[in-house]
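A.B. asks: query-v4.csv is reproduced in full below (CSV, C-alpha atoms).
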chain,number,residue,atom,x,y,z
K,1,MET,CA,105.3,118.8,118.8
K,2,ALA,CA,108.1,116.5,117.8
K,3,ALA,CA,110.3,117.9,115.1
K,4,THR,CA,110.4,115.8,111.9
K,5,ASP,CA,113.3,116.1,109.6
K,6,SER,CA,111.5,114.7,106.6
K,7,LYS,CA,108.6,116.2,104.8
K,8,GLU,CA,105.3,114.4,104.2
K,9,LEU,CA,104.8,112.6,101.0
K,10,LYS,CA,102.1,113.9,98.8
K,11,VAL,CA,100.0,111.9,96.3
K,12,ARG,CA,101.2,112.4,92.8
K,13,GLU,CA,99.3,111.1,89.9
K,14,LYS,CA,101.2,108.6,87.9
K,15,GLN,CA,102.1,110.2,84.6
K,16,GLU,CA,100.5,108.5,81.7
K,17,LEU,CA,102.5,108.7,78.5
K,18,ALA,CA,100.8,111.4,76.5
K,19,GLN,CA,101.5,110.2,73.0
K,20,PRO,CA,102.9,106.7,73.1
K,21,ALA,CA,104.6,105.6,69.9
K,22,GLU,CA,102.6,103.1,67.8
K,23,GLN,CA,101.2,100.7,70.3
K,24,THR,CA,101.3,97.0,69.6
K,25,ARG,CA,99.7,96.0,72.9
K,26,PRO,CA,96.7,97.4,74.7
K,27,GLY,CA,96.9,98.9,78.1
K,28,ALA,CA,98.1,102.0,79.8
K,29,VAL,CA,101.7,103.2,79.6
K,30,PHE,CA,103.3,105.3,82.3
K,31,THR,CA,106.4,107.4,82.5
K,32,PRO,CA,108.6,106.4,85.4
K,33,SER,CA,109.9,109.1,87.7
K,34,VAL,CA,113.6,109.4,87.4
K,35,ASP,CA,116.7,110.9,89.0
K,36,ILE,CA,119.6,111.5,86.7
K,37,PHE,CA,123.0,112.7,87.9
K,38,GLU,CA,126.5,112.6,86.6
K,39,THR,CA,130.0,112.7,87.9
K,40,ASP,CA,133.2,113.2,85.8
K,41,ASN,CA,133.2,109.4,85.1
K,42,ASP,CA,129.7,108.3,84.8
K,43,ILE,CA,126.0,109.1,84.5
K,44,THR,CA,123.6,107.4,86.9
K,45,LEU,CA,119.9,107.0,86.3
K,46,LEU,CA,117.4,105.9,89.0
K,47,ALA,CA,113.9,105.1,87.9
K,48,ASP,CA,110.8,104.1,90.0
K,49,MET,CA,109.2,101.2,88.3
K,50,PRO,CA,107.1,99.4,90.9
K,51,GLY,CA,105.8,96.0,89.8
K,52,VAL,CA,108.5,95.4,87.3
K,53,ARG,CA,110.5,92.3,87.8
K,54,PRO,CA,114.2,92.4,86.8
K,55,GLU,CA,113.5,89.9,83.9
K,56,ASN,CA,110.8,92.1,82.5
K,57,LEU,CA,112.9,95.2,82.1
K,58,THR,CA,114.4,96.1,78.8
K,59,ILE,CA,117.2,98.7,78.6
K,60,ASP,CA,118.3,99.6,75.1
K,61,LEU,CA,121.1,102.1,74.2
K,62,ARG,CA,121.7,102.8,70.5
K,63,ASP,CA,122.7,106.0,68.7
K,64,ASN,CA,122.8,107.9,72.0
K,65,THR,CA,119.1,107.1,72.7
K,66,LEU,CA,118.5,105.2,75.9
K,67,THR,CA,115.1,103.4,76.1
K,68,LEU,CA,113.7,102.0,79.3
K,69,GLU,CA,110.8,99.6,79.0
K,70,GLY,CA,109.2,97.7,81.9
K,71,ASP,CA,106.5,95.2,81.7
K,72,ILE,CA,104.3,94.3,84.6
K,73,ALA,CA,102.2,91.3,85.5
K,74,PRO,CA,98.8,91.9,87.1
K,75,MET,CA,99.0,91.5,90.9
K,76,GLU,CA,95.4,90.6,91.4
K,77,ALA,CA,94.3,87.0,91.3
K,78,GLN,CA,91.4,86.1,89.0
K,79,LYS,CA,88.8,85.7,91.8
K,80,GLU,CA,89.5,89.0,93.4
K,81,GLU,CA,86.9,91.7,92.9
K,82,MET,CA,87.8,95.4,92.8
K,83,ILE,CA,86.3,97.5,95.6
K,84,TYR,CA,88.0,100.7,94.8
K,85,MET,CA,91.0,101.8,92.8
K,86,GLU,CA,93.2,104.8,93.4
K,87,TYR,CA,96.0,104.0,91.0
K,88,SER,CA,96.1,102.2,87.7
K,89,THR,CA,98.9,99.9,86.6
K,90,GLY,CA,100.5,99.5,83.2
K,91,ARG,CA,103.8,99.2,81.4
K,92,TYR,CA,106.5,101.8,81.8
K,93,TYR,CA,108.3,103.5,79.0
K,94,ARG,CA,110.7,106.4,78.7
K,95,GLN,CA,113.4,107.5,76.3
K,96,PHE,CA,116.4,109.8,76.9
K,97,SER,CA,119.0,111.1,74.5
K,98,LEU,CA,122.5,111.1,75.9
K,99,SER,CA,124.9,113.7,74.9
K,100,GLU,CA,127.9,111.8,76.3
K,101,VAL,CA,129.5,108.8,74.7
K,102,ILE,CA,128.8,105.8,76.9
K,103,ASP,CA,131.1,102.8,77.3
K,104,GLN,CA,128.6,100.2,76.3
K,105,ALA,CA,130.6,97.3,77.8
K,106,LYS,CA,130.6,98.7,81.3
K,107,ILE,CA,126.9,99.5,81.7
K,108,ASP,CA,125.6,98.2,84.9
K,109,ALA,CA,121.9,97.8,85.8
K,110,GLN,CA,120.4,96.8,89.2
K,111,MET,CA,116.8,96.4,90.1
K,112,LYS,CA,115.8,96.5,93.8
K,113,ASP,CA,112.4,97.0,95.4
K,114,GLY,CA,111.0,98.3,92.1
K,115,VAL,CA,113.8,100.9,91.6
K,116,LEU,CA,116.2,100.6,88.7
K,117,ARG,CA,119.7,101.9,89.2
K,118,LEU,CA,121.5,102.2,85.9
K,119,SER,CA,125.2,103.2,85.7
K,120,LEU,CA,126.4,104.5,82.4
K,121,PRO,CA,130.2,105.0,82.5
K,122,LYS,CA,131.5,107.6,80.1
K,123,VAL,CA,134.2,106.5,77.6
K,124,ALA,CA,137.6,107.9,78.5
K,125,LYS,CA,137.7,110.6,75.9
K,126,ALA,CA,134.5,112.1,77.2
K,127,THR,CA,135.8,112.6,80.7
K,128,PRO,CA,136.9,116.2,81.1
K,129,ARG,CA,140.5,117.0,81.2
K,130,ARG,CA,142.0,120.0,82.9
K,131,ILE,CA,143.9,122.0,80.4
K,132,THR,CA,146.8,123.8,81.8
K,133,VAL,CA,147.9,126.9,80.0
K,134,LYS,CA,151.6,127.1,79.8
K,135,ALA,CA,153.2,130.4,80.1
K,136,ALA,CA,154.9,131.4,77.0
V,137,MET,CA,73.0,100.1,94.9
V,138,ILE,CA,74.7,99.3,91.6
V,139,TYR,CA,78.4,99.9,91.7
V,140,ARG,CA,80.3,99.7,88.5
V,141,SER,CA,83.5,97.8,89.0
V,142,MET,CA,86.7,98.5,87.0
V,143,TYR,CA,85.7,96.0,84.3
V,144,GLY,CA,82.5,97.9,83.7
V,145,VAL,CA,80.3,95.0,84.9
V,146,PRO,CA,77.7,96.2,87.4
V,147,THR,CA,77.6,94.2,90.5
V,148,TRP,CA,75.3,94.3,93.5
V,149,LYS,CA,76.8,95.0,96.8
V,150,VAL,CA,75.2,95.6,100.2
V,151,ARG,CA,77.4,97.8,102.4
V,152,SER,CA,77.1,100.0,105.5
V,153,PRO,CA,75.4,103.4,104.9
V,154,PHE,CA,78.7,105.2,105.4
V,155,HIS,CA,80.4,103.0,102.8
V,156,GLU,CA,77.6,103.9,100.4
V,157,LEU,CA,78.1,107.6,101.1
V,158,ASP,CA,81.8,107.2,100.6
V,159,LEU,CA,81.2,105.4,97.3
V,160,MET,CA,78.7,108.2,96.3
V,161,GLN,CA,81.4,110.8,97.0
V,162,ARG,CA,83.9,108.9,94.9
V,163,GLN,CA,81.4,108.6,92.1
V,164,MET,CA,80.8,112.3,92.3
V,165,ASP,CA,84.5,113.0,92.2
V,166,ARG,CA,84.8,110.7,89.2
V,167,LEU,CA,82.0,112.6,87.5
V,168,MET,CA,83.7,115.9,88.2
V,169,ASP,CA,86.9,114.5,86.8
V,170,THR,CA,85.1,113.5,83.6
V,171,LEU,CA,83.4,116.9,83.3
V,172,SER,CA,86.6,118.8,83.8
V,173,GLY,CA,88.2,116.8,81.0
V,174,GLN,CA,90.6,114.8,83.1
V,175,ARG,CA,90.7,111.1,82.2
V,176,THR,CA,92.0,109.6,85.4
V,177,GLY,CA,89.6,106.6,85.6
V,178,HIS,CA,90.1,106.5,89.3
V,179,VAL,CA,89.7,108.7,92.3
V,180,SER,CA,92.3,109.7,94.8
V,181,ALA,CA,91.8,109.9,98.5
V,182,GLY,CA,94.5,112.6,98.6
V,183,VAL,CA,96.6,110.7,101.0
V,184,PHE,CA,99.9,108.9,100.2
V,185,PRO,CA,100.1,106.2,99.2
V,186,PRO,CA,97.3,105.6,96.7
V,187,ILE,CA,95.9,102.1,97.3
V,188,ASN,CA,93.8,99.6,95.4
V,189,LEU,CA,91.4,97.5,97.5
V,190,THR,CA,90.1,94.2,96.3
V,191,GLU,CA,88.4,91.3,98.0
V,192,ASP,CA,87.6,87.6,97.5
V,193,GLN,CA,85.5,85.3,99.6
V,194,ASP,CA,87.9,85.2,102.6
V,195,ASN,CA,90.1,88.2,102.4
V,196,TYR,CA,90.6,91.8,101.6
V,197,TYR,CA,93.7,92.8,99.7
V,198,VAL,CA,95.2,96.3,100.0
V,199,ARG,CA,98.0,97.1,97.5
V,200,ALA,CA,100.2,100.1,97.2
V,201,GLU,CA,103.1,101.1,95.0
V,202,LEU,CA,106.0,101.9,97.3
V,203,PRO,CA,109.2,101.6,95.2
V,204,GLY,CA,112.5,101.8,97.1
V,205,ILE,CA,110.9,101.3,100.5
V,206,GLU,CA,112.3,98.4,102.5
V,207,ALA,CA,109.9,96.2,104.4
V,208,ASP,CA,111.4,97.2,107.8
V,209,LYS,CA,110.6,100.9,107.1
V,210,LEU,CA,106.9,100.2,107.1
V,211,ASP,CA,104.6,100.1,110.1
V,212,ILE,CA,101.2,98.4,109.6
V,213,GLN,CA,98.6,98.1,112.3
V,214,ALA,CA,95.1,96.7,112.3
V,215,THR,CA,92.5,97.9,114.8
V,216,GLY,CA,88.8,97.3,114.5
V,217,ASN,CA,88.2,97.4,110.8
V,218,ASN,CA,90.9,100.1,110.3
V,219,LEU,CA,94.3,99.4,108.9
V,220,SER,CA,97.0,102.0,109.4
V,221,LEU,CA,100.0,102.2,107.2
V,222,SER,CA,102.9,104.5,107.8
V,223,GLY,CA,106.5,104.6,106.9
V,224,GLU,CA,109.2,106.7,105.3
V,225,ARG,CA,110.8,106.8,101.9
V,226,ARG,CA,114.4,107.8,102.0
V,227,ILE,CA,116.2,109.0,98.9
V,228,ALA,CA,119.9,108.3,99.5
V,229,GLU,CA,122.4,111.1,99.1
V,230,GLU,CA,124.6,110.6,96.2
V,231,GLY,CA,127.7,112.4,97.4
V,232,ASN,CA,129.1,115.8,96.9
V,233,GLY,CA,130.5,115.6,93.4
V,234,VAL,CA,127.3,114.8,91.6
V,235,ARG,CA,125.5,117.2,89.3
V,236,TYR,CA,121.8,116.5,88.7
V,237,HIS,CA,120.0,116.6,85.4
V,238,ARG,CA,116.7,115.5,86.7
V,239,ARG,CA,115.3,115.0,90.2
V,240,GLU,CA,111.8,113.7,90.1
V,241,ARG,CA,111.8,111.0,92.7
V,242,GLU,CA,110.6,112.2,96.1
V,243,GLY,CA,111.3,111.1,99.6
V,244,GLY,CA,109.4,111.7,102.8
V,245,SER,CA,107.2,110.2,105.4
V,246,PHE,CA,103.6,109.0,105.1
V,247,SER,CA,100.8,107.8,107.3
V,248,ARG,CA,97.4,106.7,106.2
V,249,VAL,CA,94.4,104.9,107.6
V,250,ILE,CA,92.3,102.7,105.5
V,251,THR,CA,88.8,101.7,106.6
V,252,LEU,CA,87.8,98.4,105.3
V,253,PRO,CA,84.2,97.9,104.2
V,254,GLY,CA,83.6,94.9,106.6
V,255,ASP,CA,84.8,93.4,109.8
V,256,ILE,CA,88.3,91.9,109.8
V,257,ASP,CA,90.2,89.4,111.8
V,258,ALA,CA,93.1,91.6,113.1
V,259,GLU,CA,95.0,88.5,114.0
V,260,LYS,CA,95.2,87.3,110.4
V,261,VAL,CA,96.9,90.2,108.6
V,262,ASP,CA,99.8,89.3,106.3
V,263,ALA,CA,101.9,91.9,104.5
V,264,GLU,CA,104.4,91.3,101.7
V,265,MET,CA,106.7,93.5,99.7
V,266,ALA,CA,107.6,92.4,96.2
V,267,ASN,CA,109.3,94.5,93.4
V,268,GLY,CA,108.2,97.7,95.2
V,269,ILE,CA,104.6,96.7,95.6
V,270,LEU,CA,103.1,96.2,99.0
V,271,THR,CA,100.3,93.6,99.3
V,272,ILE,CA,98.5,93.4,102.6
V,273,LYS,CA,96.2,90.4,102.9
V,274,ILE,CA,93.5,90.8,105.6
V,275,ALA,CA,91.3,88.0,106.6
V,276,LYS,CA,87.6,88.8,106.9
V,277,ALA,CA,86.0,88.1,110.2
V,278,GLU,CA,84.0,84.9,110.3
V,279,LYS,CA,80.7,86.8,110.6
V,280,ALA,CA,81.6,89.0,107.6
V,281,LYS,CA,82.2,86.2,105.2
V,282,PRO,CA,79.4,85.3,102.9
V,283,LYS,CA,77.5,82.2,103.9
V,284,GLN,CA,76.3,79.6,101.5
V,285,ILE,CA,72.7,78.7,102.4
V,286,THR,CA,71.4,75.5,101.2
V,287,VAL,CA,67.7,75.3,100.5
V,288,ARG,CA,66.1,72.2,101.9
V,289,HIS,CA,63.6,70.3,100.0
Now that the file is in, can you turn its structure into C-alpha cells?

C.D. replies:
Amino acid sequence: MAATDSKELKVREKQELAQPAEQTRPGAVFTPSVDIFETDNDITLLADMPGVRPENLTIDLRDNTLTLEGDIAPMEAQKEEMIYMEYSTGRYYRQFSLSEVIDQAKIDAQMKDGVLRLSLPKVAKATPRRITVKAA
Amino acid sequence: MIYRSMYGVPTWKVRSPFHELDLMQRQMDRLMDTLSGQRTGHVSAGVFPPINLTEDQDNYYVRAELPGIEADKLDIQATGNNLSLSGERRIAEEGNGVRYHRREREGGSFSRVITLPGDIDAEKVDAEMANGILTIKIAKAEKAKPKQITVRH
C-alpha cells in the first residue's frame, strides 16, 4: 500500500450559530472555521467562508471586538430543482475579542478561494520588549 | 413516490428502484435526526465533501464547498453515470515563530464517488471553482432528457 502523508478529510457539520443576535434578515447563519495565530508583531486570522465574494465581506474592529460577517448569494439558478442536499448555505458571522491593541491603519485583508486572510498588526507598544536586568 | 424537495413542495419523480431505496434511506436518516432532536435539515453521506445535487431540463449540477483548494488540486472523472471527485486540501505551514490561539481548519485528502440519478453525457462535463465553491455541470444523456410530447388532434 502506498504511504500517504496526509490524513483523510472527514465530513464536519457546518456549525450553525446557536444564538444569533437579533436577526434582521431570515436565513441560516453559520460560524466559519478559523485559525488564529500570532507572532511578536501581528495576529493573523484565517477563516473559511466558501461562497462569500470579497465585496460581500464586512470586517469591523471597534473596542477590541472584531466582527466578521459574510454574505452569500444563492448559487442555484431559478430553474434548478433540488435532488438532494447534504449541506445548507447561509451567511457567516463570528465575533472575537482581541486583547492586544491593533494598529487599525495597517490591517490587511485578502480573500482567496473562499478563505479570508486577515492580518492585524499590533501597535508598537504592545510588542514585547526584552527587559534586561542590570547588575547593581 | 412523493419526494419533498427543500422548498417543501411535493414533486413527482420517477427514478430507478435503487435511487428510490437511496431516497428512502435518506428519509429514514432524516426521520432519525428529527427524533434524536438534531435539526440538520439535510442528510450526510458521511464522505467528504458534502455535496448538493440539483438538476434542470438539460443538466445535473453538483456543488461542494471547498474553500482554499485550488482548481488544479482537484481530479474529476466521469464514468457511466458516476462522477468521481478527489483532491487534497493543504493548510500551509505558517513558520516556526507562530503561536496558535485557534486551529479549526483542517487539511487532508478526499475522494468521493457520486452516482447521478440518470444517464449522463461524460463528454460534456464542465467544472468551475468560484469563491471556494466547486460547481460541476454535467449534461444529461439525450435519452435521459425529458421529451415534450405533442398530442395530435

A.B. asks: Expressed in Å to a single decimal, how great is the separation between CA of Lys279 in chain V and CA of Met160 in chain V?

C.D. replies: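 Separation between CA of Lys279 in chain V and CA of Met160 in chain V: 25.8 Å.
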
A.B. asks: Pick out the chain V residues within 7 Å of chain K. Count all atoms listed in the file. Give them as a PDB file with C-alpha atoms, keeping the file's coordinate frame.

C.D. replies:
ATOM      1  CA  SER V 141      83.500  97.800  89.000  1.00  0.00           C
ATOM      2  CA  MET V 142      86.700  98.500  87.000  1.00  0.00           C
ATOM      3  CA  HIS V 178      90.100 106.500  89.300  1.00  0.00           C
ATOM      4  CA  VAL V 179      89.700 108.700  92.300  1.00  0.00           C
ATOM      5  CA  SER V 180      92.300 109.700  94.800  1.00  0.00           C
ATOM      6  CA  GLY V 182      94.500 112.600  98.600  1.00  0.00           C
ATOM      7  CA  VAL V 183      96.600 110.700 101.000  1.00  0.00           C
ATOM      8  CA  PHE V 184      99.900 108.900 100.200  1.00  0.00           C
ATOM      9  CA  PRO V 185     100.100 106.200  99.200  1.00  0.00           C
ATOM     10  CA  PRO V 186      97.300 105.600  96.700  1.00  0.00           C
ATOM     11  CA  ILE V 187      95.900 102.100  97.300  1.00  0.00           C
ATOM     12  CA  ASN V 188      93.800  99.600  95.400  1.00  0.00           C
ATOM     13  CA  LEU V 189      91.400  97.500  97.500  1.00  0.00           C
ATOM     14  CA  THR V 190      90.100  94.200  96.300  1.00  0.00           C
ATOM     15  CA  GLU V 191      88.400  91.300  98.000  1.00  0.00           C
ATOM     16  CA  ASP V 192      87.600  87.600  97.500  1.00  0.00           C
ATOM     17  CA  GLU V 201     103.100 101.100  95.000  1.00  0.00           C
ATOM     18  CA  LEU V 202     106.000 101.900  97.300  1.00  0.00           C
ATOM     19  CA  PRO V 203     109.200 101.600  95.200  1.00  0.00           C
ATOM     20  CA  GLY V 204     112.500 101.800  97.100  1.00  0.00           C
ATOM     21  CA  ILE V 205     110.900 101.300 100.500  1.00  0.00           C
ATOM     22  CA  GLY V 233     130.500 115.600  93.400  1.00  0.00           C
ATOM     23  CA  VAL V 234     127.300 114.800  91.600  1.00  0.00           C
ATOM     24  CA  ARG V 235     125.500 117.200  89.300  1.00  0.00           C
ATOM     25  CA  TYR V 236     121.800 116.500  88.700  1.00  0.00           C
ATOM     26  CA  HIS V 237     120.000 116.600  85.400  1.00  0.00           C
ATOM     27  CA  ARG V 238     116.700 115.500  86.700  1.00  0.00           C
ATOM     28  CA  ARG V 239     115.300 115.000  90.200  1.00  0.00           C
ATOM     29  CA  GLU V 240     111.800 113.700  90.100  1.00  0.00           C
ATOM     30  CA  ARG V 241     111.800 111.000  92.700  1.00  0.00           C
ATOM     31  CA  GLY V 243     111.300 111.100  99.600  1.00  0.00           C
ATOM     32  CA  GLY V 244     109.400 111.700 102.800  1.00  0.00           C
ATOM     33  CA  SER V 245     107.200 110.200 105.400  1.00  0.00           C
ATOM     34  CA  PHE V 246     103.600 109.000 105.100  1.00  0.00           C
ATOM     35  CA  ALA V 266     107.600  92.400  96.200  1.00  0.00           C
ATOM     36  CA  ASN V 267     109.300  94.500  93.400  1.00  0.00           C
ATOM     37  CA  GLY V 268     108.200  97.700  95.200  1.00  0.00           C
ATOM     38  CA  ILE V 269     104.600  96.700  95.600  1.00  0.00           C
TER      39      ILE V 269
END

A.B. asks: For Lys281 in chain V, please output as a PDB file with C-alpha atoms, keeping the file's coordinate frame all residues within 9 Å (counting only C-alpha atoms; exclusion window: fewer than 5 positions along the same chain).

C.D. replies:
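Written out: out27.pdb:
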ATOM      1  CA  GLN V 193      85.500  85.300  99.600  1.00  0.00           C
ATOM      2  CA  ASP V 194      87.900  85.200 102.600  1.00  0.00           C
ATOM      3  CA  ASN V 195      90.100  88.200 102.400  1.00  0.00           C
ATOM      4  CA  GLY V 254      83.600  94.900 106.600  1.00  0.00           C
ATOM      5  CA  ASP V 255      84.800  93.400 109.800  1.00  0.00           C
ATOM      6  CA  LYS V 276      87.600  88.800 106.900  1.00  0.00           C
TER       7      LYS V 276
END

A.B. asks: Under the rule that only C-alpha atoms are counted, which of V:Val287, V:Ala200, V:Ala275, V:Ile212 is the nearest residue to Val249 in chain V?

C.D. replies: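 Among the listed residues, V:Ile212 lies closest to Val249 in chain V.
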
A.B. asks: Interatomic distance between CA of Glu69 in chain K and CA of Arg94 in chain K?

C.D. replies: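 Between CA of Glu69 in chain K and CA of Arg94 in chain K the gap is 6.8 Å.
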
A.B. asks: How would range 93-103 of chain K read, as a tab-separated table (two decimals), in the coordinates of the input, once all heavy atoms are built in?

C.D. replies:
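The file below, part.tsv, is the result:
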chain	number	residue	atom	x	y	z
K	93	TYR	N	107.50	103.24	80.16
K	93	TYR	CA	108.30	103.50	79.00
K	93	TYR	C	108.86	104.90	79.05
K	93	TYR	O	108.16	105.85	79.40
K	93	TYR	CB	107.37	103.41	77.73
K	93	TYR	CG	108.09	103.62	76.41
K	93	TYR	CD1	108.65	102.54	75.73
K	93	TYR	CD2	108.20	104.89	75.86
K	93	TYR	CE1	109.32	102.74	74.53
K	93	TYR	CE2	108.86	105.10	74.66
K	93	TYR	CZ	109.42	104.02	74.00
K	93	TYR	OH	110.07	104.22	72.83
K	94	ARG	N	110.14	105.03	78.79
K	94	ARG	CA	110.70	106.40	78.70
K	94	ARG	C	112.00	106.35	77.91
K	94	ARG	O	112.76	105.38	77.97
K	94	ARG	CB	111.03	106.86	80.17
K	94	ARG	CG	111.28	108.35	80.21
K	94	ARG	CD	110.96	108.92	81.54
K	94	ARG	NE	111.35	110.35	81.55
K	94	ARG	CZ	111.26	111.12	82.61
K	94	ARG	NH1	110.82	110.63	83.74
K	94	ARG	NH2	111.62	112.39	82.55
K	95	GLN	N	112.20	107.42	77.19
K	95	GLN	CA	113.40	107.50	76.30
K	95	GLN	C	114.19	108.77	76.70
K	95	GLN	O	113.61	109.80	77.04
K	95	GLN	CB	112.95	107.64	74.88
K	95	GLN	CG	113.10	106.34	74.16
K	95	GLN	CD	112.80	106.46	72.68
K	95	GLN	OE1	112.30	107.46	72.19
K	95	GLN	NE2	113.12	105.41	71.96
K	96	PHE	N	115.48	108.66	76.60
K	96	PHE	CA	116.40	109.80	76.90
K	96	PHE	C	117.40	109.86	75.76
K	96	PHE	O	117.84	108.84	75.25
K	96	PHE	CB	117.13	109.59	78.19
K	96	PHE	CG	116.25	109.40	79.37
K	96	PHE	CD1	115.88	108.12	79.77
K	96	PHE	CD2	115.77	110.49	80.08
K	96	PHE	CE1	115.06	107.94	80.86
K	96	PHE	CE2	114.95	110.31	81.18
K	96	PHE	CZ	114.59	109.04	81.57
K	97	SER	N	117.81	111.08	75.41
K	97	SER	CA	119.00	111.10	74.50
K	97	SER	C	120.16	111.56	75.35
K	97	SER	O	120.08	112.45	76.20
K	97	SER	CB	118.75	112.10	73.35
K	97	SER	OG	117.75	113.01	73.63
K	98	LEU	N	121.24	110.88	75.13
K	98	LEU	CA	122.50	111.10	75.90
K	98	LEU	C	123.43	111.90	75.06
K	98	LEU	O	123.64	111.59	73.89
K	98	LEU	CB	123.07	109.78	76.33
K	98	LEU	CG	122.19	108.85	77.15
K	98	LEU	CD1	122.85	107.50	77.26
K	98	LEU	CD2	121.96	109.42	78.54
K	99	SER	N	123.99	112.91	75.66
K	99	SER	CA	124.90	113.70	74.90
K	99	SER	C	126.36	113.17	75.02
K	99	SER	O	127.22	113.48	74.22
K	99	SER	CB	124.87	115.16	75.34
K	99	SER	OG	125.00	115.20	76.73
K	100	GLU	N	126.55	112.34	76.03
K	100	GLU	CA	127.90	111.80	76.30
K	100	GLU	C	128.06	110.47	75.56
K	100	GLU	O	127.08	109.78	75.31
K	100	GLU	CB	128.14	111.60	77.76
K	100	GLU	CG	127.91	112.81	78.60
K	100	GLU	CD	129.11	113.72	78.68
K	100	GLU	OE1	130.14	113.39	78.08
K	100	GLU	OE2	128.99	114.77	79.34
K	101	VAL	N	129.29	110.12	75.28
K	101	VAL	CA	129.50	108.80	74.70
K	101	VAL	C	129.70	107.81	75.86
K	101	VAL	O	130.50	108.02	76.76
K	101	VAL	CB	130.79	108.81	73.81
K	101	VAL	CG1	130.92	107.49	73.08
K	101	VAL	CG2	130.68	109.95	72.81
K	102	ILE	N	128.88	106.78	75.82
K	102	ILE	CA	128.80	105.80	76.90
K	102	ILE	C	129.63	104.56	76.54
K	102	ILE	O	129.58	104.10	75.41
K	102	ILE	CB	127.37	105.43	77.22
K	102	ILE	CG1	126.55	106.67	77.60
K	102	ILE	CG2	127.28	104.36	78.30
K	102	ILE	CD1	127.06	107.45	78.78
K	103	ASP	N	130.32	104.05	77.52
K	103	ASP	CA	131.10	102.80	77.30
K	103	ASP	C	130.09	101.64	77.47
K	103	ASP	O	129.81	101.18	78.58
K	103	ASP	CB	132.18	102.75	78.39
K	103	ASP	CG	133.16	101.64	78.09
K	103	ASP	OD1	132.83	100.77	77.26
K	103	ASP	OD2	134.24	101.65	78.68
